[in-house]
Amino acid sequence: MSLWAARGLAPHGGLSRLGGMGHTCDDSQHAGQTGVAGSADTGLILASASPRRAALLAAAGIRFEVKPSSVGEVHHADWPGGALVEWNAGLKAAEVGTRFPGRLVLGADTLVFEGGVPLGKPGDMDEAAAMLRRLSGRTHEVMTGIAIARGGILVSAHAVTRVSFRPLDGGLIREYHGKVDPLDKAGAYGIQEHGGMIVSRVEGPLDNVVGLPVALVSRFLEAVVALP
């Protein structure tokens with residue numbers, strides 16, 4: 001059961017939560033092309049400006065258009081990680097859904113959790129370096145929440161991947177951040193960009209760490225499309 005159903009709340013004024021489908025997934029395989037592709041009036045909207053999420057959807061053969069959400073994210077350290085990323089994803093999907101009634105809208109939120117503490121995008125390079133020092137030589141979790149809205153329906157789920165870092169000294173952190181811009185990435189790193197410099201092991205779906213667990217998205221899109 002997702003946070004939306006558990007709390008009986010609507011993420012945004014125009015939508016209500018129906019039929020809880022919250023789910024945790026560790027599926028590492030893309031589902032391929034799904035049955036949600038359609039006309040411009042009924043097709044999928046991605047409520048995110050992330051080029052990485054767009055690339056993952058496109059690679060899976062899912063047609064969509066991009067309409068980023070303008071809502072702010074919450075980062076409550078006392079919330080369970082899965083509930084937090086689902087909540088943020090729901091906020092985004094619901095806000096865009098109110099602008100495009102009847103359309104399928106996909107929201108997503110990715111956070112890194114170390115010791116139960118959520119790490120979002122760093123505010124500057126000093127904070128980015130501090131994040132990598134915190135993750136150095138440890139195993140952390142990456143969670144991506146997804147939420148799909150259509151009309152009065154909003155369903156949500158999340159995926160979890162465990163990522164282990166190599167021991168990182170100051171020189172390696174500076175070298176890595178010289179190659180990769182950390183300021184638009186949760187946890188100040190992108191596994192798809194020179195990840196081998198800092199990552200030693202990945203347990204779970206890799207695309208979840210990049211920003212979107214596509215197999216989970218595909219299953220939930222098909223389920224929502226099938227609803228009356």
# chains A, B, ... in the order shown; residues from 1 in each chain; ligands from 1
>>> residues_around(residues="Arg138 of chain A", least_positions_apart="5", cutoff="9 Å", atoms="only C-alpha atoms", output="ChimeraX atom specification")
/A:114,163-167
>>> residues_around(residues="Gly81 of chain A", least_positions_apart="3", cutoff="8 Å", atoms="only C-alpha atoms", output="list in words")
Leu84, Val85, Phe113, Gly116, Pro118 and Met143 of chain A
>>> write_last_selection(atoms="C-alpha atoms", output="PDB file, in the first residue's frame")
ATOM      1  CA  LEU A  84       9.085   9.929   0.703  1.00  0.00           C
ATOM      2  CA  VAL A  85       9.978   9.288  -2.943  1.00  0.00           C
ATOM      3  CA  PHE A 113      19.694   7.226   1.382  1.00  0.00           C
ATOM      4  CA  GLY A 116      18.346   6.365   6.537  1.00  0.00           C
ATOM      5  CA  PRO A 118      17.918  11.275   2.343  1.00  0.00           C
ATOM      6  CA  MET A 143      15.138   4.773  -4.237  1.00  0.00           C
TER       7      MET A 143
END
>>> residues_around(residues="Tyr176 of chain A", least_positions_apart="6", cutoff="10 Å", atoms="only C-alpha atoms", output="ChimeraX atom specification")
/A:129,132,168,170,182,189,193-195,197-198
>>> write_last_selection(atoms="C-alpha atoms", output="PDB file, in the first residue's frame")
ATOM      1  CA  ALA A 129      32.156  16.714  -2.105  1.00  0.00           C
ATOM      2  CA  LEU A 132      30.727  11.674  -1.666  1.00  0.00           C
ATOM      3  CA  LEU A 168      37.296   7.769  -1.968  1.00  0.00           C
ATOM      4  CA  GLY A 170      39.861  13.978  -1.720  1.00  0.00           C
ATOM      5  CA  PRO A 182      27.108  16.646  -9.563  1.00  0.00           C
ATOM      6  CA  TYR A 189      26.984  11.341  -8.554  1.00  0.00           C
ATOM      7  CA  GLU A 193      28.792   8.898 -15.996  1.00  0.00           C
ATOM      8  CA  HIS A 194      32.209   7.476 -15.052  1.00  0.00           C
ATOM      9  CA  GLY A 195      30.520   5.438 -12.326  1.00  0.00           C
ATOM     10  CA  MET A 197      35.610   5.466 -10.734  1.00  0.00           C
ATOM     11  CA  ILE A 198      33.591   5.436  -7.510  1.00  0.00           C
TER      12      ILE A 198
END
>>> closest_residue(among="A:Ala128, A:Leu91, A:Val210, A:Val74", to="Gly190 of chain A", atoms="only C-alpha atoms")
A:Val210
>>> select_by_dssp(residues="segment 31-96 of chain A", states="strand (DSSP E)", output="list in words")
Leu44, Ile45, Leu46, Phe64, Glu65 and Val66 of chain A
>>> select_by_dssp(residues="segment 37-222 of chain A", states="helix (DSSP H, G or I)", output="PyMOL selection string")
chain A and resi 51-59+81-99+125-135+170-179+186-188+195-197+206-210+214-222
>>> residues_around(residues="Val66 of chain A", least_positions_apart="6", cutoff="8 Å", atoms="only C-alpha atoms", output="list of chain:residue names")
A:Ile45, A:Leu46, A:Ala47, A:Ser48, A:Ala49, A:Ala54
>>> residues_around(residues="segment 185-188 of chain A", least_positions_apart="2", cutoff="6 Å", atoms="only C-alpha atoms", output="NGL selection string")
:A and (111-112 or 119-121 or 128 or 182-183)
>>> decode(residues="segment 43-163 of chain A", atoms="C-alpha atoms", output="compact mmCIF listing (two decimals), in the first residue's frame")
# COMPACT_ATOMS: atom_id res chain seq x y z
CA GLY A 43 -0.50 9.64 -24.68
CA LEU A 44 1.88 9.76 -21.75
CA ILE A 45 3.22 12.97 -20.22
CA LEU A 46 6.52 12.84 -18.33
CA ALA A 47 6.31 15.36 -15.49
CA SER A 48 10.09 15.74 -15.31
CA ALA A 49 12.76 17.77 -17.06
CA SER A 50 15.35 15.03 -16.50
CA PRO A 51 17.07 14.07 -19.77
CA ARG A 52 18.07 10.77 -18.18
CA ARG A 53 14.46 9.76 -17.48
CA ALA A 54 13.44 10.81 -20.99
CA ALA A 55 16.25 8.73 -22.49
CA LEU A 56 15.24 5.66 -20.48
CA LEU A 57 11.59 5.94 -21.57
CA ALA A 58 12.58 6.45 -25.20
CA ALA A 59 14.93 3.45 -25.12
CA ALA A 60 12.04 1.31 -23.85
CA GLY A 61 9.91 2.31 -26.84
CA ILE A 62 7.42 4.34 -24.82
CA ARG A 63 6.08 7.44 -26.57
CA PHE A 64 5.67 10.52 -24.39
CA GLU A 65 5.98 14.26 -24.20
CA VAL A 66 7.68 16.31 -21.51
CA LYS A 67 5.76 18.76 -19.31
CA PRO A 68 7.87 19.36 -16.17
CA SER A 69 6.15 19.85 -12.83
CA SER A 70 6.64 23.11 -10.97
CA VAL A 71 6.00 21.76 -7.46
CA GLY A 72 8.73 21.64 -4.82
CA GLU A 73 9.94 18.38 -3.31
CA VAL A 74 9.88 17.50 0.38
CA HIS A 75 12.83 15.88 2.16
CA HIS A 76 11.54 14.80 5.55
CA ALA A 77 14.29 12.74 7.21
CA ASP A 78 11.77 11.09 9.56
CA TRP A 79 9.70 9.58 6.72
CA PRO A 80 10.40 6.07 5.40
CA GLY A 81 12.42 6.35 2.21
CA GLY A 82 9.91 4.63 -0.04
CA ALA A 83 7.07 6.75 1.26
CA LEU A 84 9.08 9.93 0.70
CA VAL A 85 9.98 9.29 -2.94
CA GLU A 86 6.43 8.13 -3.72
CA TRP A 87 5.03 11.28 -2.14
CA ASN A 88 7.27 13.53 -4.22
CA ALA A 89 6.49 11.59 -7.39
CA GLY A 90 2.80 11.91 -6.62
CA LEU A 91 3.06 15.65 -6.09
CA LYS A 92 4.61 16.03 -9.54
CA ALA A 93 2.19 13.74 -11.36
CA ALA A 94 -0.84 15.30 -9.70
CA GLU A 95 0.22 18.89 -10.39
CA VAL A 96 0.75 18.23 -14.09
CA GLY A 97 -2.39 16.08 -14.18
CA THR A 98 -4.52 19.04 -13.14
CA ARG A 99 -3.19 20.94 -16.16
CA PHE A 100 -3.90 18.10 -18.59
CA PRO A 101 -7.13 16.38 -17.45
CA GLY A 102 -7.60 12.87 -18.74
CA ARG A 103 -3.97 12.42 -19.80
CA LEU A 104 -1.64 9.79 -18.39
CA VAL A 105 1.01 11.61 -16.34
CA LEU A 106 4.17 10.04 -14.93
CA GLY A 107 5.98 11.65 -12.01
CA ALA A 108 9.23 10.38 -10.51
CA ASP A 109 11.60 11.22 -7.68
CA THR A 110 15.01 9.71 -6.94
CA LEU A 111 16.86 10.05 -3.65
CA VAL A 112 19.99 8.50 -2.19
CA PHE A 113 19.69 7.23 1.38
CA GLU A 114 22.73 6.71 3.59
CA GLY A 115 22.01 5.55 7.12
CA GLY A 116 18.35 6.36 6.54
CA VAL A 117 19.13 10.01 5.74
CA PRO A 118 17.92 11.27 2.34
CA LEU A 119 20.51 12.94 0.11
CA GLY A 120 19.06 15.03 -2.69
CA LYS A 121 20.87 17.26 -5.16
CA PRO A 122 23.77 19.22 -3.64
CA GLY A 123 23.49 22.99 -3.48
CA ASP A 124 27.12 23.62 -4.40
CA MET A 125 30.39 21.83 -5.04
CA ASP A 126 31.40 21.82 -1.37
CA GLU A 127 28.17 20.03 -0.47
CA ALA A 128 28.70 17.66 -3.41
CA ALA A 129 32.16 16.71 -2.11
CA ALA A 130 30.75 16.23 1.39
CA MET A 131 28.12 13.85 0.03
CA LEU A 132 30.73 11.67 -1.67
CA ARG A 133 32.85 11.65 1.49
CA ARG A 134 29.79 10.41 3.37
CA LEU A 135 29.18 7.64 0.81
CA SER A 136 32.87 6.65 0.56
CA GLY A 137 33.54 2.96 1.32
CA ARG A 138 29.90 2.33 2.27
CA THR A 139 26.77 0.78 0.84
CA HIS A 140 23.76 3.04 0.40
CA GLU A 141 20.29 2.72 -1.09
CA VAL A 142 18.92 4.54 -4.11
CA MET A 143 15.14 4.77 -4.24
CA THR A 144 13.03 6.04 -7.10
CA GLY A 145 9.36 6.66 -6.54
CA ILE A 146 6.99 6.67 -9.50
CA ALA A 147 3.42 7.93 -9.62
CA ILE A 148 0.94 7.72 -12.47
CA ALA A 149 -2.08 10.00 -12.58
CA ARG A 150 -5.07 9.96 -14.88
CA GLY A 151 -8.32 11.74 -14.15
CA GLY A 152 -9.19 11.00 -10.52
CA ILE A 153 -6.76 8.09 -10.20
CA LEU A 154 -3.22 8.21 -8.82
CA VAL A 155 -1.13 5.11 -8.20
CA SER A 156 2.41 4.99 -6.86
CA ALA A 157 5.29 2.60 -6.24
CA HIS A 158 9.02 2.63 -5.72
CA ALA A 159 12.13 0.62 -6.53
CA VAL A 160 15.26 0.12 -4.43
CA THR A 161 18.86 -0.48 -5.50
CA ARG A 162 21.84 -0.98 -3.19
CA VAL A 163 25.05 0.72 -4.35
